[in-house]
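Here's the structure, in structure tokens; my notes come after.
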Amino acid sequence: MSNSLRSRSEILRDDECLINSKLPKEDTLRIFSYLDVVSLCRCAQVSKAWNQLALDGSNWQKVDLFNFQTDVEGKVVEHISKRCGGFLKNLSLYGCQNVTDDALNTFAQNCRNIEILRMSDCKKISDKTAASLSKYCSKLHRLRLDSCTSITDQALKYLSDGCHNLSYLNVSWCGLSDNGIEALARGCPKLAVLICKGCHQLTEESLTHLGTHSPHLTTLNVQGCQLMTDEGMQKLARGCSKLQSLCLSGCTHLTDATLVALSNFCHKLRTLEVASCSQFTDNGFLALARTCSELERMDLEECSLITDSTLLHLANGCPSLQELSFSHCELITDEGIRHIGTSACATEHLQVIELDNCPLITDVSLEHLMGCQSLQRIELYDCQLITRAGIRRLRAQHPDVKVQAYFAPVTPPPSVGGGRPRYCRCCTII
């Protein structure tokens with residue numbers, strides 16, 4: 001039979017044999033290991049040989065179903081778990097709101113080597129899923145349950161019983177209390193990262209439990225947990241001296257005593273977010289700057305009592321600062337920005353500075369920031385004394401910097417007839 005008369009199926013079989021003979025299965029498997037879920041499924045449709053290789057469990061160690069969240073139901077998860085088995089180590093079900101506890105129970109039984117699991121915004125899962133993970137997935141060390149609104153203290157108790165290797169947990173916006181945090185702290189001694197934004201029932205007792213039982217904690221986020229107190233923070237700081245990142249934004253009852261406690265015990269702190277902690281003053285930040293010299297990122301938005309003195313302390317004590325937010329700190333003036341602009345951090349490190357709603361800031365501040373060679377972004381919304389000319393001079397020196405500001409056009413005098421003004425306040429992005 002001539003080549004021109006050979007059937008298409010024969011040609012495909014020859015091509016298949018050729019590629020299989022030239023490329024060993026081990027190498028093909030290695031290539032497939034770099035592909036995502038969609039690419040693997042496409043390869044599985046090429047030929048029988050590729051189907052077997054593409055669907056080999058070793059290629060499915062990491063699966064992210066975020067892009068298919070609206071289509072993923074329980075049966076999909078069950079099928080994947082049976083296909084992957086013990087190979088699967090990293091699974092993201094972020095936003096898969098149709099996945100249920102039953103599907104996760106099957107998954108836990110089939111994939112007992114799972115190490116990283118994200119179930120953010122999976123509204124149908126409950127404490128039963130935590131029970132399944134506790135029973136079958138002892139190697140789990142990173143878990144996200146944020147916005148899983150049916151998760152309660154009982155889930156943390158289950159995890160503390162069986163997931164002793166857990167080091168990262170996000171339970172933001174879940175219905176938790178101090179009892180759940182106590183169980184977690186006692187049963188998961190390796191806990192290093194705990195994120196519980198919006199868990200409004202948590203009090204200083206949670207901080208006490210963490211300070212007592214979680215000495216390896218490096219990151220804590222309790223944003224919006226308004227029941228936190230200085231006493232709890234003092235116990236946390238004393239027991240968690242390895243803290244590197246701390247978010248206390250919205251914890252409005254805290255005072256300078258918290259900053260003093262951090263300065264006494266948490267010298268490795270690199271990120272501090274205290275937006276809306278309106279009782280903090282210059283004295284607290286003076287204490288912090290004296291000992292926390294490794295600070296890189298600070299969010300002081302709406303710390304309305306601080307003045308230029310705080311900026312002076314940070315400029316002198318924190319030479320590695322990269323990102324600063326002083327938005328709505330209405331007592332800050334050009335003099336404070338001068339301290340930052342001439343500090344050790346300015347020349348090499350400072351990348352972002354936010355000054356929204358700082359009414360005393362003028363173009364002089366922009367002149368002080370001219371020497372910040374690494375500056376990438378500056379925010380100046382509602383800084384009424386900043387002019388377009390001042391921004392043009394800054395951008396002439398730093399053409400790549402993103403300057404975000406707006407200017408309100410002059411409102412014309414009201415018409416004689418008392419009608420509505422023809423112009424309203426508008427924004428201009430520089």
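Letters A, B, ... go to the chains of the structure tokens in the order shown; residues in each chain start at 1; ligands are counted from 1 in the same order.
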Q: Write out as JSON, numbers by chain each polymer residue whose atoms come within 12 Å of Leu227 (chain A), counting only C-alpha atoms; drop sequence neighbours fewer than 3 positions from it.
A: {"A": [177, 178, 198, 199, 200, 201, 202, 203, 204, 205, 206, 207, 222, 223, 224, 230, 231, 232, 233, 248, 250, 251, 252, 253, 254]}
Deliver the residues from the most recent selection as a file, using C-alpha atoms, as an mmCIF file, in the first residue's frame.
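What landed in result-v3.cif:
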```cif
data_model
loop_
_atom_site.group_PDB
_atom_site.id
_atom_site.type_symbol
_atom_site.label_atom_id
_atom_site.label_comp_id
_atom_site.auth_asym_id
_atom_site.auth_seq_id
_atom_site.Cartn_x
_atom_site.Cartn_y
_atom_site.Cartn_z
ATOM 1 C CA SER A 177 -14.925 32.053 69.938
ATOM 2 C CA ASP A 178 -12.082 31.833 72.434
ATOM 3 C CA GLY A 198 -13.634 39.531 61.266
ATOM 4 C CA CYS A 199 -14.014 36.957 64.047
ATOM 5 C CA HIS A 200 -15.834 39.425 66.259
ATOM 6 C CA GLN A 201 -16.368 37.086 69.223
ATOM 7 C CA LEU A 202 -12.662 36.669 69.941
ATOM 8 C CA THR A 203 -11.394 38.419 73.072
ATOM 9 C CA GLU A 204 -8.160 38.822 74.978
ATOM 10 C CA GLU A 205 -8.491 35.194 76.105
ATOM 11 C CA SER A 206 -7.604 34.057 72.587
ATOM 12 C CA LEU A 207 -4.420 36.129 72.740
ATOM 13 C CA VAL A 222 -7.007 39.824 64.114
ATOM 14 C CA GLN A 223 -8.310 42.697 61.996
ATOM 15 C CA GLY A 224 -11.688 43.908 63.182
ATOM 16 C CA ASP A 230 -3.811 45.656 76.033
ATOM 17 C CA GLU A 231 -3.675 42.887 78.657
ATOM 18 C CA GLY A 232 -4.180 40.224 76.025
ATOM 19 C CA MET A 233 -1.594 41.775 73.743
ATOM 20 C CA LEU A 248 -4.388 44.832 64.681
ATOM 21 C CA GLY A 250 -9.733 47.978 63.805
ATOM 22 C CA CYS A 251 -8.861 46.859 67.338
ATOM 23 C CA THR A 252 -9.945 50.212 68.672
ATOM 24 C CA HIS A 253 -9.503 49.571 72.409
ATOM 25 C CA LEU A 254 -5.735 49.149 72.203
#
```
Q: Going by DSSP on the backbone, which bits of region 293-366 of chain A are alpha helix (DSSP H)? Write them as a PyMOL selection string, please.
A: chain A and resi 308-317+334-341+344-348+363-366
Just N, CA and C atoms for this one: save the residues we selected as a PDB file, in the first residue's frame.
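Below you can see part.pdb, which holds the result:
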```pdb
ATOM      1  N   ASP A 308       4.421  64.629  63.762  1.00  0.00           N
ATOM      2  CA  ASP A 308       5.736  64.499  63.114  1.00  0.00           C
ATOM      3  C   ASP A 308       6.730  63.759  63.990  1.00  0.00           C
ATOM      4  N   SER A 309       6.499  63.762  65.279  1.00  0.00           N
ATOM      5  CA  SER A 309       7.408  63.072  66.196  1.00  0.00           C
ATOM      6  C   SER A 309       7.478  61.576  65.894  1.00  0.00           C
ATOM      7  N   THR A 310       6.331  60.971  65.575  1.00  0.00           N
ATOM      8  CA  THR A 310       6.334  59.549  65.216  1.00  0.00           C
ATOM      9  C   THR A 310       7.183  59.308  63.985  1.00  0.00           C
ATOM     10  N   LEU A 311       7.058  60.153  62.983  1.00  0.00           N
ATOM     11  CA  LEU A 311       7.848  59.988  61.760  1.00  0.00           C
ATOM     12  C   LEU A 311       9.335  60.133  62.043  1.00  0.00           C
ATOM     13  N   LEU A 312       9.687  61.032  62.967  1.00  0.00           N
ATOM     14  CA  LEU A 312      11.085  61.190  63.359  1.00  0.00           C
ATOM     15  C   LEU A 312      11.605  59.917  64.012  1.00  0.00           C
ATOM     16  N   HIS A 313      10.817  59.316  64.917  1.00  0.00           N
ATOM     17  CA  HIS A 313      11.244  58.089  65.592  1.00  0.00           C
ATOM     18  C   HIS A 313      11.434  56.951  64.596  1.00  0.00           C
ATOM     19  N   LEU A 314      10.493  56.807  63.662  1.00  0.00           N
ATOM     20  CA  LEU A 314      10.600  55.738  62.672  1.00  0.00           C
ATOM     21  C   LEU A 314      11.792  55.967  61.745  1.00  0.00           C
ATOM     22  N   ALA A 315      12.018  57.208  61.366  1.00  0.00           N
ATOM     23  CA  ALA A 315      13.142  57.526  60.486  1.00  0.00           C
ATOM     24  C   ALA A 315      14.471  57.182  61.139  1.00  0.00           C
ATOM     25  N   ASN A 316      14.575  57.413  62.438  1.00  0.00           N
ATOM     26  CA  ASN A 316      15.833  57.164  63.147  1.00  0.00           C
ATOM     27  C   ASN A 316      16.025  55.700  63.520  1.00  0.00           C
ATOM     28  N   GLY A 317      14.912  55.004  63.793  1.00  0.00           N
ATOM     29  CA  GLY A 317      15.048  53.647  64.344  1.00  0.00           C
ATOM     30  C   GLY A 317      14.775  52.514  63.396  1.00  0.00           C
ATOM     31  N   ASP A 334       4.861  68.836  56.655  1.00  0.00           N
ATOM     32  CA  ASP A 334       6.038  68.685  55.790  1.00  0.00           C
ATOM     33  C   ASP A 334       7.286  68.320  56.584  1.00  0.00           C
ATOM     34  N   GLU A 335       7.351  68.785  57.817  1.00  0.00           N
ATOM     35  CA  GLU A 335       8.526  68.496  58.632  1.00  0.00           C
ATOM     36  C   GLU A 335       8.651  67.002  58.885  1.00  0.00           C
ATOM     37  N   GLY A 336       7.532  66.338  59.154  1.00  0.00           N
ATOM     38  CA  GLY A 336       7.570  64.897  59.357  1.00  0.00           C
ATOM     39  C   GLY A 336       8.029  64.161  58.110  1.00  0.00           C
ATOM     40  N   ILE A 337       7.542  64.582  56.955  1.00  0.00           N
ATOM     41  CA  ILE A 337       7.965  63.953  55.702  1.00  0.00           C
ATOM     42  C   ILE A 337       9.446  64.213  55.444  1.00  0.00           C
ATOM     43  N   ARG A 338       9.940  65.351  55.891  1.00  0.00           N
ATOM     44  CA  ARG A 338      11.379  65.637  55.755  1.00  0.00           C
ATOM     45  C   ARG A 338      12.195  64.591  56.504  1.00  0.00           C
ATOM     46  N   HIS A 339      11.744  64.217  57.700  1.00  0.00           N
ATOM     47  CA  HIS A 339      12.462  63.181  58.464  1.00  0.00           C
ATOM     48  C   HIS A 339      12.516  61.864  57.691  1.00  0.00           C
ATOM     49  N   ILE A 340      11.393  61.494  57.082  1.00  0.00           N
ATOM     50  CA  ILE A 340      11.360  60.248  56.312  1.00  0.00           C
ATOM     51  C   ILE A 340      12.238  60.372  55.069  1.00  0.00           C
ATOM     52  N   GLY A 341      12.121  61.497  54.377  1.00  0.00           N
ATOM     53  CA  GLY A 341      12.848  61.682  53.121  1.00  0.00           C
ATOM     54  C   GLY A 341      14.349  61.732  53.266  1.00  0.00           C
ATOM     55  N   ALA A 344      17.631  56.852  56.621  1.00  0.00           N
ATOM     56  CA  ALA A 344      18.415  55.777  56.004  1.00  0.00           C
ATOM     57  C   ALA A 344      17.568  54.920  55.074  1.00  0.00           C
ATOM     58  N   CYS A 345      16.255  54.800  55.356  1.00  0.00           N
ATOM     59  CA  CYS A 345      15.403  53.945  54.522  1.00  0.00           C
ATOM     60  C   CYS A 345      15.077  54.591  53.187  1.00  0.00           C
ATOM     61  N   ALA A 346      15.142  55.911  53.115  1.00  0.00           N
ATOM     62  CA  ALA A 346      14.642  56.622  51.937  1.00  0.00           C
ATOM     63  C   ALA A 346      15.441  56.316  50.680  1.00  0.00           C
ATOM     64  N   THR A 347      16.739  56.313  50.767  1.00  0.00           N
ATOM     65  CA  THR A 347      17.578  56.199  49.584  1.00  0.00           C
ATOM     66  C   THR A 347      17.408  54.864  48.865  1.00  0.00           C
ATOM     67  N   GLU A 348      17.345  53.753  49.622  1.00  0.00           N
ATOM     68  CA  GLU A 348      17.375  52.432  48.994  1.00  0.00           C
ATOM     69  C   GLU A 348      16.076  51.646  49.128  1.00  0.00           C
ATOM     70  N   ASP A 363       3.500  70.923  48.739  1.00  0.00           N
ATOM     71  CA  ASP A 363       4.504  70.533  47.728  1.00  0.00           C
ATOM     72  C   ASP A 363       5.893  70.371  48.328  1.00  0.00           C
ATOM     73  N   VAL A 364       6.123  71.004  49.465  1.00  0.00           N
ATOM     74  CA  VAL A 364       7.430  70.864  50.127  1.00  0.00           C
ATOM     75  C   VAL A 364       7.701  69.403  50.471  1.00  0.00           C
ATOM     76  N   SER A 365       6.660  68.669  50.853  1.00  0.00           N
ATOM     77  CA  SER A 365       6.835  67.242  51.151  1.00  0.00           C
ATOM     78  C   SER A 365       7.319  66.480  49.926  1.00  0.00           C
ATOM     79  N   LEU A 366       6.799  66.828  48.782  1.00  0.00           N
ATOM     80  CA  LEU A 366       7.235  66.164  47.553  1.00  0.00           C
ATOM     81  C   LEU A 366       8.704  66.445  47.278  1.00  0.00           C
TER      82      LEU A 366
END
```
**Q.** Neighbour list for Ser147 (chain A) as a VMD selection string, cut-off 9 Å, only C-alpha atoms, skip fewer than 6 positions in-chain
**A.** chain A and resid 119 to 123 171 to 174
Q: Do a neighbour search on Leu394 (chain A) at 8 Å with only C-alpha atoms, toss out local chain neighbours closer than 3 positions, and write the hits as a PyMOL selection string.
A: chain A and resi 366-367+370+390-391+397-399
Written file, previous selection with all heavy atoms, as a PDB file, in the first residue's frame:
```pdb
ATOM      1  N   LEU A 366       6.799  66.828  48.782  1.00  0.00           N
ATOM      2  CA  LEU A 366       7.235  66.164  47.553  1.00  0.00           C
ATOM      3  C   LEU A 366       8.704  66.445  47.278  1.00  0.00           C
ATOM      4  O   LEU A 366       9.432  65.575  46.793  1.00  0.00           O
ATOM      5  CB  LEU A 366       6.366  66.612  46.380  1.00  0.00           C
ATOM      6  CG  LEU A 366       4.854  66.372  46.523  1.00  0.00           C
ATOM      7  CD1 LEU A 366       4.134  66.752  45.229  1.00  0.00           C
ATOM      8  CD2 LEU A 366       4.571  64.935  46.894  1.00  0.00           C
ATOM      9  N   GLU A 367       9.132  67.652  47.599  1.00  0.00           N
ATOM     10  CA  GLU A 367      10.555  67.977  47.455  1.00  0.00           C
ATOM     11  C   GLU A 367      11.400  67.101  48.369  1.00  0.00           C
ATOM     12  O   GLU A 367      12.481  66.645  47.987  1.00  0.00           O
ATOM     13  CB  GLU A 367      10.778  69.453  47.782  1.00  0.00           C
ATOM     14  CG  GLU A 367      10.092  70.430  46.844  1.00  0.00           C
ATOM     15  CD  GLU A 367      10.727  70.451  45.472  1.00  0.00           C
ATOM     16  OE1 GLU A 367      11.911  70.046  45.363  1.00  0.00           O
ATOM     17  OE2 GLU A 367      10.055  70.873  44.509  1.00  0.00           O
ATOM     18  N   MET A 370      12.213  63.591  46.959  1.00  0.00           N
ATOM     19  CA  MET A 370      12.968  63.509  45.707  1.00  0.00           C
ATOM     20  C   MET A 370      14.121  62.517  45.794  1.00  0.00           C
ATOM     21  O   MET A 370      14.508  61.899  44.803  1.00  0.00           O
ATOM     22  CB  MET A 370      13.521  64.890  45.326  1.00  0.00           C
ATOM     23  CG  MET A 370      12.466  65.910  44.915  1.00  0.00           C
ATOM     24  SD  MET A 370      11.731  65.512  43.340  1.00  0.00           S
ATOM     25  CE  MET A 370      10.752  67.017  43.077  1.00  0.00           C
ATOM     26  N   GLY A 390       3.680  70.745  41.728  1.00  0.00           N
ATOM     27  CA  GLY A 390       4.524  69.972  42.627  1.00  0.00           C
ATOM     28  C   GLY A 390       4.646  68.527  42.177  1.00  0.00           C
ATOM     29  O   GLY A 390       5.732  67.933  42.245  1.00  0.00           O
ATOM     30  N   ILE A 391       3.546  67.955  41.708  1.00  0.00           N
ATOM     31  CA  ILE A 391       3.572  66.574  41.224  1.00  0.00           C
ATOM     32  C   ILE A 391       4.408  66.467  39.958  1.00  0.00           C
ATOM     33  O   ILE A 391       5.157  65.507  39.777  1.00  0.00           O
ATOM     34  CB  ILE A 391       2.134  66.076  40.998  1.00  0.00           C
ATOM     35  CG1 ILE A 391       1.411  65.964  42.344  1.00  0.00           C
ATOM     36  CG2 ILE A 391       2.121  64.735  40.270  1.00  0.00           C
ATOM     37  CD1 ILE A 391      -0.040  65.573  42.242  1.00  0.00           C
ATOM     38  N   GLN A 397      11.693  64.071  38.301  1.00  0.00           N
ATOM     39  CA  GLN A 397      12.807  63.405  38.966  1.00  0.00           C
ATOM     40  C   GLN A 397      12.636  61.885  38.958  1.00  0.00           C
ATOM     41  O   GLN A 397      13.609  61.144  38.831  1.00  0.00           O
ATOM     42  CB  GLN A 397      12.913  63.905  40.420  1.00  0.00           C
ATOM     43  CG  GLN A 397      14.080  63.345  41.212  1.00  0.00           C
ATOM     44  CD  GLN A 397      15.398  63.974  40.783  1.00  0.00           C
ATOM     45  OE1 GLN A 397      15.422  65.054  40.204  1.00  0.00           O
ATOM     46  NE2 GLN A 397      16.503  63.291  41.074  1.00  0.00           N
ATOM     47  N   HIS A 398      11.375  61.437  39.095  1.00  0.00           N
ATOM     48  CA  HIS A 398      11.063  60.001  39.134  1.00  0.00           C
ATOM     49  C   HIS A 398       9.949  59.706  38.120  1.00  0.00           C
ATOM     50  O   HIS A 398       8.777  59.597  38.486  1.00  0.00           O
ATOM     51  CB  HIS A 398      10.613  59.584  40.540  1.00  0.00           C
ATOM     52  CG  HIS A 398      11.637  59.812  41.604  1.00  0.00           C
ATOM     53  ND1 HIS A 398      12.734  58.988  41.770  1.00  0.00           N
ATOM     54  CD2 HIS A 398      11.745  60.769  42.557  1.00  0.00           C
ATOM     55  CE1 HIS A 398      13.468  59.422  42.787  1.00  0.00           C
ATOM     56  NE2 HIS A 398      12.888  60.509  43.276  1.00  0.00           N
ATOM     57  N   PRO A 399      10.287  59.570  36.858  1.00  0.00           N
ATOM     58  CA  PRO A 399       9.255  59.423  35.824  1.00  0.00           C
ATOM     59  C   PRO A 399       8.419  58.159  35.943  1.00  0.00           C
ATOM     60  O   PRO A 399       7.306  58.099  35.409  1.00  0.00           O
ATOM     61  CB  PRO A 399      10.065  59.424  34.515  1.00  0.00           C
ATOM     62  CG  PRO A 399      11.459  59.049  34.930  1.00  0.00           C
ATOM     63  CD  PRO A 399      11.654  59.595  36.308  1.00  0.00           C
TER      64      PRO A 399
END
```
Q: Tell me, in Å to one decimal, how far CA of Lys402 (chain A) is from CA of Asn357 (chain A).
A: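 Separation between CA of Lys402 (chain A) and CA of Asn357 (chain A): 17.6 Å.
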Q) CA of Glu78 (chain A) and CA of Asp27 (chain A), how far apart in Å? A) 28.9 Å
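Residue nearest Pro189 (chain A), chosen from A:Val352, A:Ala289, A:Leu272, A:Cys163 and counting only C-alpha atoms: A:Cys163.
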Q: For CA of Cys277 (chain A) and CA of Asp153 (chain A), quote the distance in Å rounded to one decimal.
A: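 So the two atoms, CA of Cys277 (chain A) and CA of Asp153 (chain A), lie 27.7 Å apart.
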